[in-house]
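Content type mmCIF, C-alpha atoms, from the file coords-v8.cif:
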data_entry
#
loop_
_atom_site.group_PDB
_atom_site.id
_atom_site.type_symbol
_atom_site.label_atom_id
_atom_site.label_comp_id
_atom_site.auth_asym_id
_atom_site.auth_seq_id
_atom_site.Cartn_x
_atom_site.Cartn_y
_atom_site.Cartn_z
ATOM 1 C CA MET A 1 -104.979 39.689 -57.050
ATOM 2 C CA GLY A 2 -103.206 41.408 -59.964
ATOM 3 C CA LEU A 3 -100.006 43.433 -59.877
ATOM 4 C CA ASN A 4 -100.372 47.182 -59.638
ATOM 5 C CA PRO A 5 -98.234 48.710 -62.441
ATOM 6 C CA SER A 6 -97.833 51.899 -60.438
ATOM 7 C CA SER A 7 -96.216 50.121 -57.491
ATOM 8 C CA SER A 8 -92.837 51.441 -56.333
ATOM 9 C CA SER A 9 -89.719 50.293 -58.175
ATOM 10 C CA GLU A 10 -88.101 49.745 -54.803
ATOM 11 C CA GLU A 11 -90.593 47.043 -53.899
ATOM 12 C CA GLU A 12 -89.000 43.713 -53.088
ATOM 13 C CA TYR A 13 -90.236 40.635 -54.936
ATOM 14 C CA GLN A 14 -89.546 37.211 -53.501
ATOM 15 C CA ALA A 15 -89.849 33.794 -55.107
ATOM 16 C CA LEU A 16 -93.308 32.405 -54.425
ATOM 17 C CA PRO A 17 -93.504 29.506 -51.959
ATOM 18 C CA ASP A 18 -94.298 25.938 -53.014
ATOM 19 C CA LYS A 19 -97.953 24.950 -52.803
ATOM 20 C CA GLU A 20 -100.744 23.723 -55.032
ATOM 21 C CA HIS A 21 -101.438 26.527 -57.461
ATOM 22 C CA THR A 22 -104.266 27.599 -59.737
ATOM 23 C CA ILE A 23 -104.055 28.855 -63.313
ATOM 24 C CA LEU A 24 -104.793 32.376 -62.072
ATOM 25 C CA GLU A 25 -101.918 32.218 -59.558
ATOM 26 C CA THR A 26 -99.575 30.981 -62.277
ATOM 27 C CA LEU A 27 -100.536 33.872 -64.555
ATOM 28 C CA GLU A 28 -100.045 36.362 -61.714
ATOM 29 C CA CYS A 29 -96.589 34.976 -61.041
ATOM 30 C CA CYS A 30 -95.687 35.386 -64.736
ATOM 31 C CA GLN A 31 -97.001 38.963 -64.627
ATOM 32 C CA MET A 32 -94.874 39.711 -61.572
ATOM 33 C CA VAL A 33 -91.665 38.412 -63.144
ATOM 34 C CA LEU A 34 -92.239 40.249 -66.427
ATOM 35 C CA HIS A 35 -93.236 43.541 -64.828
ATOM 36 C CA PRO A 36 -90.654 46.379 -65.262
ATOM 37 C CA THR A 37 -90.356 46.856 -61.494
ATOM 38 C CA PHE A 38 -89.090 43.305 -61.004
ATOM 39 C CA LYS A 39 -85.459 43.416 -59.894
ATOM 40 C CA LYS A 40 -83.652 41.945 -62.869
ATOM 41 C CA HIS A 41 -80.294 42.094 -61.139
ATOM 42 C CA GLN A 42 -81.326 39.831 -58.248
ATOM 43 C CA LEU A 43 -79.348 36.917 -59.654
ATOM 44 C CA SER A 44 -76.783 35.029 -57.647
ATOM 45 C CA LYS A 45 -75.085 31.704 -57.618
ATOM 46 C CA SER A 46 -76.322 28.936 -55.357
ATOM 47 C CA SER A 47 -73.818 29.558 -52.565
ATOM 48 C CA CYS A 48 -73.272 32.848 -50.764
ATOM 49 C CA THR A 49 -69.554 32.041 -50.778
ATOM 50 C CA SER A 50 -69.457 31.386 -54.531
ATOM 51 C CA VAL A 51 -66.956 32.905 -56.944
ATOM 52 C CA VAL A 52 -69.617 35.351 -58.177
ATOM 53 C CA SER A 53 -70.262 36.620 -54.646
ATOM 54 C CA SER A 54 -66.530 37.078 -54.120
ATOM 55 C CA ASN A 55 -66.177 38.872 -57.461
ATOM 56 C CA GLU A 56 -69.054 41.208 -56.615
ATOM 57 C CA ASP A 57 -67.279 42.116 -53.375
ATOM 58 C CA ASP A 58 -64.170 42.985 -55.407
ATOM 59 C CA ILE A 59 -66.206 45.072 -57.843
ATOM 60 C CA LYS A 60 -67.865 46.997 -55.008
ATOM 61 C CA ASP A 61 -64.464 47.556 -53.382
ATOM 62 C CA PHE A 62 -63.176 48.972 -56.682
ATOM 63 C CA MET A 63 -66.212 51.248 -57.046
ATOM 64 C CA THR A 64 -65.906 52.382 -53.420
ATOM 65 C CA LYS A 65 -62.321 53.479 -54.026
ATOM 66 C CA SER A 66 -63.406 55.183 -57.238
ATOM 67 C CA ILE A 67 -66.031 57.206 -55.371
ATOM 68 C CA GLU A 68 -63.644 58.048 -52.540
ATOM 69 C CA SER A 69 -60.930 59.188 -54.968
ATOM 70 C CA VAL A 70 -62.899 62.388 -55.538
ATOM 71 C CA THR A 71 -62.370 63.380 -51.887
ATOM 72 C CA SER A 72 -59.299 63.983 -49.764
ATOM 73 C CA MET A 73 -58.441 62.754 -46.299
ATOM 74 C CA ASP A 74 -56.417 65.080 -44.086
ATOM 75 C CA GLY A 75 -55.284 66.987 -47.158
ATOM 76 C CA ILE A 76 -54.123 63.836 -48.941
ATOM 77 C CA ASN A 77 -55.970 62.820 -52.113
ATOM 78 C CA VAL A 78 -57.265 59.260 -52.238
ATOM 79 C CA PRO A 79 -55.684 57.614 -55.325
ATOM 80 C CA SER A 80 -57.834 56.257 -58.127
ATOM 81 C CA PRO A 81 -58.050 52.421 -58.242
ATOM 82 C CA GLY A 82 -57.191 52.515 -61.944
ATOM 83 C CA PHE A 83 -58.464 49.847 -64.333
ATOM 84 C CA MET A 84 -60.259 46.557 -63.611
ATOM 85 C CA TYR A 85 -60.515 43.852 -66.281
ATOM 86 C CA ILE A 86 -63.465 41.461 -65.907
ATOM 87 C CA CYS A 87 -63.526 38.444 -68.199
ATOM 88 C CA GLY A 88 -65.241 35.087 -68.566
ATOM 89 C CA GLY A 89 -67.387 33.109 -70.980
ATOM 90 C CA PRO A 90 -70.725 34.422 -72.303
ATOM 91 C CA GLY A 91 -73.638 34.305 -69.866
ATOM 92 C CA THR A 92 -71.550 34.002 -66.698
ATOM 93 C CA GLY A 93 -73.030 37.074 -65.021
ATOM 94 C CA LYS A 94 -70.298 39.658 -65.660
ATOM 95 C CA THR A 95 -72.468 42.501 -66.959
ATOM 96 C CA THR A 96 -75.271 41.712 -64.511
ATOM 97 C CA ALA A 97 -72.849 41.759 -61.573
ATOM 98 C CA VAL A 98 -71.358 45.107 -62.583
ATOM 99 C CA ALA A 99 -74.803 46.659 -63.119
ATOM 100 C CA SER A 100 -76.012 45.376 -59.756
ATOM 101 C CA CYS A 101 -72.904 46.683 -57.961
ATOM 102 C CA ARG A 102 -73.238 50.026 -59.713
ATOM 103 C CA CYS A 103 -76.825 50.392 -58.473
ATOM 104 C CA GLU A 104 -75.891 49.370 -54.945
ATOM 105 C CA MET A 105 -72.852 51.656 -54.748
ATOM 106 C CA THR A 106 -74.841 54.630 -56.046
ATOM 107 C CA LYS A 107 -77.251 54.208 -53.134
ATOM 108 C CA TRP A 108 -74.354 53.693 -50.713
ATOM 109 C CA ALA A 109 -72.658 56.910 -51.873
ATOM 110 C CA LYS A 110 -75.810 58.930 -51.353
ATOM 111 C CA ARG A 111 -76.287 57.499 -47.845
ATOM 112 C CA CYS A 112 -72.687 58.390 -46.979
ATOM 113 C CA GLY A 113 -73.015 61.967 -48.212
ATOM 114 C CA TYR A 114 -70.822 61.730 -51.304
ATOM 115 C CA ASN A 115 -71.669 63.692 -54.408
ATOM 116 C CA ARG A 116 -73.664 61.595 -56.826
ATOM 117 C CA PRO A 117 -71.120 59.194 -58.356
ATOM 118 C CA ARG A 118 -70.966 59.449 -62.113
ATOM 119 C CA PHE A 119 -70.955 56.219 -64.090
ATOM 120 C CA CYS A 120 -70.771 56.040 -67.882
ATOM 121 C CA ALA A 121 -71.572 52.607 -69.341
ATOM 122 C CA ILE A 122 -70.859 51.958 -73.020
ATOM 123 C CA ASN A 123 -71.388 48.682 -74.887
ATOM 124 C CA MET A 124 -68.605 48.547 -77.439
ATOM 125 C CA ALA A 125 -70.426 45.909 -79.496
ATOM 126 C CA GLY A 126 -72.887 48.635 -80.463
ATOM 127 C CA SER A 127 -70.218 51.120 -81.544
ATOM 128 C CA GLN A 128 -69.994 51.765 -85.261
ATOM 129 C CA SER A 129 -66.819 50.844 -87.085
ATOM 130 C CA SER A 130 -65.066 53.986 -88.267
ATOM 131 C CA SER A 131 -61.908 54.489 -90.274
ATOM 132 C CA SER A 132 -61.896 58.259 -89.751
ATOM 133 C CA LYS A 133 -59.255 59.593 -87.412
ATOM 134 C CA GLY A 134 -60.604 59.852 -83.879
ATOM 135 C CA GLY A 135 -64.025 58.491 -84.903
ATOM 136 C CA ILE A 136 -64.492 56.055 -82.032
ATOM 137 C CA MET A 137 -62.742 58.402 -79.601
ATOM 138 C CA ARG A 138 -65.101 61.276 -80.356
ATOM 139 C CA ASP A 139 -68.122 58.977 -80.240
ATOM 140 C CA MET A 140 -67.186 57.762 -76.758
ATOM 141 C CA LEU A 141 -66.280 61.259 -75.573
ATOM 142 C CA LYS A 142 -69.749 62.492 -76.537
ATOM 143 C CA LYS A 143 -71.334 59.759 -74.409
ATOM 144 C CA MET A 144 -69.065 60.659 -71.512
ATOM 145 C CA ALA A 145 -69.821 64.358 -72.045
ATOM 146 C CA ALA A 146 -73.544 63.658 -71.682
ATOM 147 C CA ILE A 147 -72.876 62.242 -68.198
ATOM 148 C CA LEU A 148 -70.527 65.086 -67.298
ATOM 149 C CA LYS A 149 -72.977 67.649 -68.738
ATOM 150 C CA ILE A 150 -70.393 69.345 -70.954
ATOM 151 C CA ASN A 151 -70.033 69.929 -74.671
ATOM 152 C CA GLY A 152 -69.250 66.730 -76.556
ATOM 153 C CA ASP A 153 -66.648 68.538 -78.669
ATOM 154 C CA SER A 154 -64.671 69.667 -75.610
ATOM 155 C CA THR A 155 -60.914 69.141 -75.481
ATOM 156 C CA LEU A 156 -59.337 66.270 -73.548
ATOM 157 C CA GLN A 157 -58.052 68.812 -71.033
ATOM 158 C CA THR A 158 -61.623 69.947 -70.371
ATOM 159 C CA PHE A 159 -62.628 66.348 -69.683
ATOM 160 C CA GLU A 160 -59.753 65.984 -67.226
ATOM 161 C CA GLU A 161 -60.853 69.132 -65.414
ATOM 162 C CA GLU A 162 -64.386 67.730 -65.139
ATOM 163 C CA PHE A 163 -63.088 64.435 -63.741
ATOM 164 C CA LYS A 164 -61.445 66.356 -60.910
ATOM 165 C CA LYS A 165 -64.798 67.820 -59.844
ATOM 166 C CA ASP A 166 -66.860 64.665 -59.248
ATOM 167 C CA GLY A 167 -64.901 61.848 -60.864
ATOM 168 C CA LEU A 168 -66.086 59.307 -63.420
ATOM 169 C CA VAL A 169 -66.242 55.524 -63.568
ATOM 170 C CA LEU A 170 -66.196 54.389 -67.205
ATOM 171 C CA ILE A 171 -67.652 50.923 -67.826
ATOM 172 C CA LEU A 172 -66.841 49.376 -71.212
ATOM 173 C CA ASP A 173 -68.796 46.219 -71.954
ATOM 174 C CA GLU A 174 -67.297 43.923 -74.609
ATOM 175 C CA ILE A 175 -64.139 46.001 -74.469
ATOM 176 C CA ASP A 176 -62.379 43.654 -76.913
ATOM 177 C CA MET A 177 -64.570 45.161 -79.666
ATOM 178 C CA LEU A 178 -62.526 48.340 -79.304
ATOM 179 C CA PHE A 179 -59.679 46.423 -80.953
ATOM 180 C CA LYS A 180 -61.690 44.124 -83.237
ATOM 181 C CA GLN A 181 -63.781 46.882 -84.827
ATOM 182 C CA HIS A 182 -61.431 49.863 -84.656
ATOM 183 C CA GLY A 183 -57.937 48.395 -84.942
ATOM 184 C CA GLY A 184 -55.041 50.792 -84.375
ATOM 185 C CA ILE A 185 -57.282 53.797 -83.739
ATOM 186 C CA GLY A 186 -59.057 51.899 -80.976
ATOM 187 C CA GLU A 187 -55.734 50.863 -79.507
ATOM 188 C CA ILE A 188 -54.412 54.439 -79.433
ATOM 189 C CA TRP A 189 -57.606 55.661 -77.745
ATOM 190 C CA PHE A 190 -57.441 52.813 -75.214
ATOM 191 C CA LYS A 191 -53.915 53.925 -74.272
ATOM 192 C CA THR A 192 -55.310 57.386 -73.456
ATOM 193 C CA LEU A 193 -58.035 55.880 -71.282
ATOM 194 C CA VAL A 194 -55.457 53.756 -69.467
ATOM 195 C CA LYS A 195 -53.260 56.811 -68.954
ATOM 196 C CA TRP A 196 -56.201 58.612 -67.325
ATOM 197 C CA ALA A 197 -57.005 55.603 -65.148
ATOM 198 C CA GLU A 198 -53.385 55.234 -64.012
ATOM 199 C CA ASP A 199 -53.076 58.902 -63.062
ATOM 200 C CA GLN A 200 -53.249 58.693 -59.264
ATOM 201 C CA GLU A 201 -54.323 62.323 -58.978
ATOM 202 C CA LEU A 202 -57.131 62.063 -61.538
ATOM 203 C CA PRO A 203 -60.494 60.729 -60.199
ATOM 204 C CA PHE A 204 -61.071 58.596 -63.278
ATOM 205 C CA SER A 205 -61.342 54.805 -63.198
ATOM 206 C CA MET A 206 -62.364 52.215 -65.730
ATOM 207 C CA ILE A 207 -63.931 48.742 -65.785
ATOM 208 C CA GLY A 208 -63.567 46.615 -68.903
ATOM 209 C CA ILE A 209 -65.841 43.592 -69.451
ATOM 210 C CA SER A 210 -65.032 40.917 -72.007
ATOM 211 C CA ASN A 211 -65.978 37.393 -73.076
ATOM 212 C CA CYS A 212 -62.342 36.896 -74.041
ATOM 213 C CA VAL A 213 -60.066 35.250 -71.497
ATOM 214 C CA ASN A 214 -56.999 33.963 -73.336
ATOM 215 C CA ASP A 215 -57.200 35.161 -76.947
ATOM 216 C CA GLU A 216 -55.023 37.838 -78.566
ATOM 217 C CA ASN A 217 -57.455 40.646 -77.693
ATOM 218 C CA ALA A 218 -57.428 39.726 -74.016
ATOM 219 C CA THR A 219 -53.642 39.567 -74.112
ATOM 220 C CA ARG A 220 -53.502 42.987 -75.756
ATOM 221 C CA VAL A 221 -55.779 44.494 -73.089
ATOM 222 C CA ARG A 222 -53.486 43.153 -70.366
ATOM 223 C CA GLU A 223 -50.366 44.449 -72.108
ATOM 224 C CA LEU A 224 -51.669 47.953 -72.779
ATOM 225 C CA ALA A 225 -53.202 48.214 -69.314
ATOM 226 C CA HIS A 226 -49.976 47.025 -67.671
ATOM 227 C CA SER A 227 -51.363 43.867 -66.019
ATOM 228 C CA PRO A 228 -54.526 45.369 -64.501
ATOM 229 C CA ARG A 229 -56.542 44.072 -61.577
ATOM 230 C CA GLU A 230 -58.429 41.110 -63.054
ATOM 231 C CA LEU A 231 -61.554 39.136 -62.187
ATOM 232 C CA ILE A 232 -62.506 35.911 -63.964
ATOM 233 C CA PHE A 233 -66.114 34.700 -63.949
ATOM 234 C CA SER A 234 -66.431 30.949 -64.258
ATOM 235 C CA ALA A 235 -69.274 29.160 -66.052
ATOM 236 C CA TYR A 236 -72.419 28.425 -64.037
ATOM 237 C CA ASN A 237 -72.887 24.851 -62.866
ATOM 238 C CA GLU A 238 -76.206 22.999 -62.567
ATOM 239 C CA GLU A 239 -76.864 24.153 -58.988
ATOM 240 C CA ASP A 240 -76.125 27.780 -59.891
ATOM 241 C CA ILE A 241 -78.510 27.818 -62.856
ATOM 242 C CA LEU A 242 -81.240 26.093 -60.851
ATOM 243 C CA ALA A 243 -80.863 28.672 -58.069
ATOM 244 C CA ILE A 244 -81.183 31.521 -60.581
ATOM 245 C CA LEU A 245 -84.295 30.042 -62.199
ATOM 246 C CA GLU A 246 -85.961 29.406 -58.853
ATOM 247 C CA GLN A 247 -85.075 32.903 -57.647
ATOM 248 C CA ARG A 248 -86.605 34.483 -60.737
ATOM 249 C CA LEU A 249 -89.616 32.201 -61.173
ATOM 250 C CA GLY A 250 -90.187 30.457 -57.863
ATOM 251 C CA LYS A 251 -91.508 26.933 -58.317
ATOM 252 C CA LYS A 252 -95.040 27.802 -59.373
ATOM 253 C CA VAL A 253 -94.617 28.560 -63.070
ATOM 254 C CA VAL A 254 -92.551 25.547 -64.127
ATOM 255 C CA GLU A 255 -92.366 22.167 -62.437
ATOM 256 C CA CYS A 256 -89.255 21.580 -60.325
ATOM 257 C CA LYS A 257 -88.184 18.552 -62.372
ATOM 258 C CA ALA A 258 -88.369 20.611 -65.551
ATOM 259 C CA LEU A 259 -86.185 23.328 -64.005
ATOM 260 C CA GLN A 260 -83.690 20.686 -62.922
ATOM 261 C CA LEU A 261 -83.580 19.225 -66.437
ATOM 262 C CA ILE A 262 -83.071 22.660 -68.006
ATOM 263 C CA SER A 263 -80.325 23.477 -65.522
ATOM 264 C CA ARG A 264 -78.559 20.184 -66.123
ATOM 265 C CA ARG A 265 -78.591 20.522 -69.902
ATOM 266 C CA VAL A 266 -77.500 24.165 -69.971
ATOM 267 C CA ALA A 267 -74.679 23.468 -67.493
ATOM 268 C CA ALA A 268 -73.476 20.525 -69.554
ATOM 269 C CA ALA A 269 -73.628 22.457 -72.829
ATOM 270 C CA SER A 270 -72.080 25.813 -71.926
ATOM 271 C CA GLY A 271 -72.933 27.111 -68.448
ATOM 272 C CA ASP A 272 -74.485 30.149 -70.158
ATOM 273 C CA ALA A 273 -77.395 31.188 -67.920
ATOM 274 C CA ARG A 274 -78.987 33.141 -70.782
ATOM 275 C CA ARG A 275 -79.833 29.842 -72.480
ATOM 276 C CA ALA A 276 -81.789 28.523 -69.495
#

Spit out the file's structure as structure tokens when you get a sec.
Amino acid sequence: MGLNPSSSSEEEYQALPDKEHTILETLECCQMVLHPTFKKHQLSKSSCTSVVSSNEDDIKDFMTKSIESVTSMDGINVPSPGFMYICGGPGTGKTTAVASCRCEMTKWAKRCGYNRPRFCAINMAGSQSSSSKGGIMRDMLKKMAAILKINGDSTLQTFEEEFKKDGLVLILDEIDMLFKQHGGIGEIWFKTLVKWAEDQELPFSMIGISNCVNDENATRVRELAHSPRELIFSAYNEEDILAILEQRLGKKVVECKALQLISRRVAAASGDARRA
């Protein structure tokens, strides 16, 4: 029985159970995994107590505080959680974890009666290098303005006033590119973002994601952000990668021994799940 393309995006897909399978069943399983409604963020490490699970809890805690910072309790404003720096090697689940937590916390906020939380995600690797004064700053402000529904050429003060209404969580993937591609201009703009995030009365918080852990760019991020809250994602091991493959594919598309071999080789080479 084929997959109905019009089925709800909220539908849960589970790994198919082990049993003797036909060519038709194998094709249907492939169709299910490749269909747009398949939950791409349902990736986890092999143990529910793994480092990834713990990191996701920390990310959700950060986002919860970001959402709550827009409100006040007994006349006292809830302070912004500031800036979180997430780093680790390529393919260790950083971006996937943040995207999954963002989706989950958006639903949580709606259930709890909060105004729709505003997230602005920008991949800095896709930003164009610019030597013009304020080039990268204005480019990022326009993307933030689209989320805030204001004019992209608004002043910084206008942005601050908008933050106070519903708040904003800025997510910068590959944040190190802000320094690599834009040099001093990127550094000056980053200082402004950090200043906003550190303002306890401003409902603005920021998450930076980077593949850099100990190089000069990572060190610079830590220095400019005044030793921010930090999460490190470790490389996936063989069991982790196998769990991810089985969760995405079940055991009907590829033989179990083949999945084990792939997991073993990828873990030994880099631990990058994208290569599995």

Measuring atom to atom with only C-alpha atoms, identify which of A:Glu223, A:Asp240, A:Asp199, A:Asp57 is nearest to A:Pro81.
A:Asp199

d(atom CA of A:Ser234, atom CA of A:Arg222) in Å
18.8 Å

Kindly provide, as an mmCIF file with C-alpha atoms, in the coordinates of the input, the polymer residues lying within 12 Å of (-61.1, 64.6, -73.2), counting all atoms listed in the file and using the coordinates exactly as they appear in the file.
data_model
loop_
_atom_site.group_PDB
_atom_site.id
_atom_site.type_symbol
_atom_site.label_atom_id
_atom_site.label_comp_id
_atom_site.auth_asym_id
_atom_site.auth_seq_id
_atom_site.Cartn_x
_atom_site.Cartn_y
_atom_site.Cartn_z
ATOM 1 C CA GLY A 134 -60.604 59.852 -83.879
ATOM 2 C CA MET A 137 -62.742 58.402 -79.601
ATOM 3 C CA ARG A 138 -65.101 61.276 -80.356
ATOM 4 C CA ASP A 139 -68.122 58.977 -80.240
ATOM 5 C CA MET A 140 -67.186 57.762 -76.758
ATOM 6 C CA LEU A 141 -66.280 61.259 -75.573
ATOM 7 C CA LYS A 142 -69.749 62.492 -76.537
ATOM 8 C CA LYS A 143 -71.334 59.759 -74.409
ATOM 9 C CA MET A 144 -69.065 60.659 -71.512
ATOM 10 C CA ALA A 145 -69.821 64.358 -72.045
ATOM 11 C CA LEU A 148 -70.527 65.086 -67.298
ATOM 12 C CA ILE A 150 -70.393 69.345 -70.954
ATOM 13 C CA ASN A 151 -70.033 69.929 -74.671
ATOM 14 C CA GLY A 152 -69.250 66.730 -76.556
ATOM 15 C CA ASP A 153 -66.648 68.538 -78.669
ATOM 16 C CA SER A 154 -64.671 69.667 -75.610
ATOM 17 C CA THR A 155 -60.914 69.141 -75.481
ATOM 18 C CA LEU A 156 -59.337 66.270 -73.548
ATOM 19 C CA GLN A 157 -58.052 68.812 -71.033
ATOM 20 C CA THR A 158 -61.623 69.947 -70.371
ATOM 21 C CA PHE A 159 -62.628 66.348 -69.683
ATOM 22 C CA GLU A 160 -59.753 65.984 -67.226
ATOM 23 C CA GLU A 161 -60.853 69.132 -65.414
ATOM 24 C CA GLU A 162 -64.386 67.730 -65.139
ATOM 25 C CA PHE A 163 -63.088 64.435 -63.741
ATOM 26 C CA TRP A 189 -57.606 55.661 -77.745
ATOM 27 C CA THR A 192 -55.310 57.386 -73.456
ATOM 28 C CA LEU A 193 -58.035 55.880 -71.282
ATOM 29 C CA LYS A 195 -53.260 56.811 -68.954
ATOM 30 C CA TRP A 196 -56.201 58.612 -67.325
ATOM 31 C CA PHE A 204 -61.071 58.596 -63.278
#

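Here atom CA of A:Glu56 stands at a distance of 15.7 Å from atom CA of A:Phe83.
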
At what distance in Å, to one decimal, does atom CA of A:Phe233 lie from atom CA of A:Ile86?
7.5 Å

Could you spell out the hits of the PyMOL selection byres ((chain A and resi 122) around 10) on the shown file, as a ChimeraX atom specification?
/A:119-121,123-127,140,143-144,170-175,208

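For the residues A:Ile136, A:Pro228, A:Lys257, A:Lys65, ranking by smallest atom-to-atom distance to A:His182 using all atoms listed in the file places A:Ile136 first.
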
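For A:Lys94, the non-local neighbours within 9 Å, defined as residues at least 2 positions apart in the same chain or in other chains and counting all atoms listed in the file, are Val52, Ile86, Cys87, Gly88, Gly89, Pro90, Gly91, Thr92, Thr96, Ala97, Val98, Ala99, Ile209, Ser210, Asn211, Ile232 and Phe233 of chain A.
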
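Between A:Gly135 and the candidates A:Met84, A:Cys103, A:Cys256, A:Ile188, the tightest atom-to-atom separation, counting all atoms listed in the file, involves A:Ile188.
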
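For the choices A:Ile59, A:Ala258, A:Ile207, A:Ile185, the atom-to-atom distance to A:Glu104 is smallest for A:Ile59 when using all atoms listed in the file.
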
Write out as a PDB file with C-alpha atoms, in the frame of the given file the residues lying within 12 Å of stretch 106-116 of chain A, counting only C-alpha atoms and excluding same-chain residues fewer than 4 positions away.
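Result written to around-v6.pdb:
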ATOM      1  CA  GLU A  10     -88.101  49.745 -54.803  1.00  0.00           C
ATOM      2  CA  LYS A  60     -67.865  46.997 -55.008  1.00  0.00           C
ATOM      3  CA  ASP A  61     -64.464  47.556 -53.382  1.00  0.00           C
ATOM      4  CA  MET A  63     -66.212  51.248 -57.046  1.00  0.00           C
ATOM      5  CA  THR A  64     -65.906  52.382 -53.420  1.00  0.00           C
ATOM      6  CA  LYS A  65     -62.321  53.479 -54.026  1.00  0.00           C
ATOM      7  CA  SER A  66     -63.406  55.183 -57.238  1.00  0.00           C
ATOM      8  CA  ILE A  67     -66.031  57.206 -55.371  1.00  0.00           C
ATOM      9  CA  GLU A  68     -63.644  58.048 -52.540  1.00  0.00           C
ATOM     10  CA  SER A  69     -60.930  59.188 -54.968  1.00  0.00           C
ATOM     11  CA  VAL A  70     -62.899  62.388 -55.538  1.00  0.00           C
ATOM     12  CA  THR A  71     -62.370  63.380 -51.887  1.00  0.00           C
ATOM     13  CA  SER A  72     -59.299  63.983 -49.764  1.00  0.00           C
ATOM     14  CA  ALA A  99     -74.803  46.659 -63.119  1.00  0.00           C
ATOM     15  CA  SER A 100     -76.012  45.376 -59.756  1.00  0.00           C
ATOM     16  CA  CYS A 101     -72.904  46.683 -57.961  1.00  0.00           C
ATOM     17  CA  ARG A 102     -73.238  50.026 -59.713  1.00  0.00           C
ATOM     18  CA  ILE A 147     -72.876  62.242 -68.198  1.00  0.00           C
ATOM     19  CA  LEU A 148     -70.527  65.086 -67.298  1.00  0.00           C
ATOM     20  CA  LYS A 165     -64.798  67.820 -59.844  1.00  0.00           C
ATOM     21  CA  ASP A 166     -66.860  64.665 -59.248  1.00  0.00           C
ATOM     22  CA  GLY A 167     -64.901  61.848 -60.864  1.00  0.00           C
ATOM     23  CA  LEU A 168     -66.086  59.307 -63.420  1.00  0.00           C
ATOM     24  CA  VAL A 169     -66.242  55.524 -63.568  1.00  0.00           C
TER      25      VAL A 169
END

Take every atom of stretch 189-205 of chain A listed in the file, pad by 6 Å on each side, and give me the axis-aligned box centre and edge lengths in Å, one decimal, as AutoDock Vina command-line options.
--center_x -57.2 --center_y 57.6 --center_z -68.4 --size_x 20.3 --size_y 21.5 --size_z 30.8

Add whatever atoms are absent from stretch 110-120 of chain A to reach N, CA, C and O atoms, and provide the output as a PDB file, keeping the file's coordinate frame.
ATOM      1  N   LYS A 110     -74.841  57.919 -51.784  1.00  0.00           N
ATOM      2  CA  LYS A 110     -75.810  58.930 -51.353  1.00  0.00           C
ATOM      3  C   LYS A 110     -76.025  58.871 -49.846  1.00  0.00           C
ATOM      4  O   LYS A 110     -76.118  59.910 -49.178  1.00  0.00           O
ATOM      5  N   ARG A 111     -76.102  57.648 -49.298  1.00  0.00           N
ATOM      6  CA  ARG A 111     -76.287  57.499 -47.845  1.00  0.00           C
ATOM      7  C   ARG A 111     -75.097  58.065 -47.082  1.00  0.00           C
ATOM      8  O   ARG A 111     -75.251  58.605 -45.983  1.00  0.00           O
ATOM      9  N   CYS A 112     -73.910  57.946 -47.663  1.00  0.00           N
ATOM     10  CA  CYS A 112     -72.687  58.390 -46.979  1.00  0.00           C
ATOM     11  C   CYS A 112     -72.361  59.859 -47.242  1.00  0.00           C
ATOM     12  O   CYS A 112     -71.335  60.361 -46.772  1.00  0.00           O
ATOM     13  N   GLY A 113     -73.208  60.538 -48.008  1.00  0.00           N
ATOM     14  CA  GLY A 113     -73.015  61.967 -48.212  1.00  0.00           C
ATOM     15  C   GLY A 113     -72.060  62.348 -49.321  1.00  0.00           C
ATOM     16  O   GLY A 113     -71.669  63.515 -49.433  1.00  0.00           O
ATOM     17  N   TYR A 114     -71.685  61.394 -50.171  1.00  0.00           N
ATOM     18  CA  TYR A 114     -70.822  61.730 -51.304  1.00  0.00           C
ATOM     19  C   TYR A 114     -71.652  62.395 -52.399  1.00  0.00           C
ATOM     20  O   TYR A 114     -72.864  62.194 -52.483  1.00  0.00           O
ATOM     21  N   ASN A 115     -70.986  63.176 -53.232  1.00  0.00           N
ATOM     22  CA  ASN A 115     -71.669  63.692 -54.408  1.00  0.00           C
ATOM     23  C   ASN A 115     -72.091  62.506 -55.272  1.00  0.00           C
ATOM     24  O   ASN A 115     -71.452  61.451 -55.249  1.00  0.00           O
ATOM     25  N   ARG A 116     -73.144  62.698 -56.018  1.00  0.00           N
ATOM     26  CA  ARG A 116     -73.664  61.595 -56.826  1.00  0.00           C
ATOM     27  C   ARG A 116     -72.555  61.035 -57.710  1.00  0.00           C
ATOM     28  O   ARG A 116     -72.001  61.747 -58.547  1.00  0.00           O
ATOM     29  N   PRO A 117     -72.191  59.767 -57.532  1.00  0.00           N
ATOM     30  CA  PRO A 117     -71.120  59.194 -58.356  1.00  0.00           C
ATOM     31  C   PRO A 117     -71.565  59.144 -59.815  1.00  0.00           C
ATOM     32  O   PRO A 117     -72.716  58.859 -60.121  1.00  0.00           O
ATOM     33  N   ARG A 118     -70.633  59.414 -60.696  1.00  0.00           N
ATOM     34  CA  ARG A 118     -70.966  59.449 -62.113  1.00  0.00           C
ATOM     35  C   ARG A 118     -70.412  58.197 -62.794  1.00  0.00           C
ATOM     36  O   ARG A 118     -69.210  57.956 -62.802  1.00  0.00           O
ATOM     37  N   PHE A 119     -71.318  57.414 -63.345  1.00  0.00           N
ATOM     38  CA  PHE A 119     -70.955  56.219 -64.090  1.00  0.00           C
ATOM     39  C   PHE A 119     -71.339  56.421 -65.549  1.00  0.00           C
ATOM     40  O   PHE A 119     -72.416  56.930 -65.853  1.00  0.00           O
ATOM     41  N   CYS A 120     -70.472  56.010 -66.454  1.00  0.00           N
ATOM     42  CA  CYS A 120     -70.771  56.040 -67.882  1.00  0.00           C
ATOM     43  C   CYS A 120     -70.558  54.639 -68.439  1.00  0.00           C
ATOM     44  O   CYS A 120     -69.425  54.155 -68.486  1.00  0.00           O
TER      45      CYS A 120
END
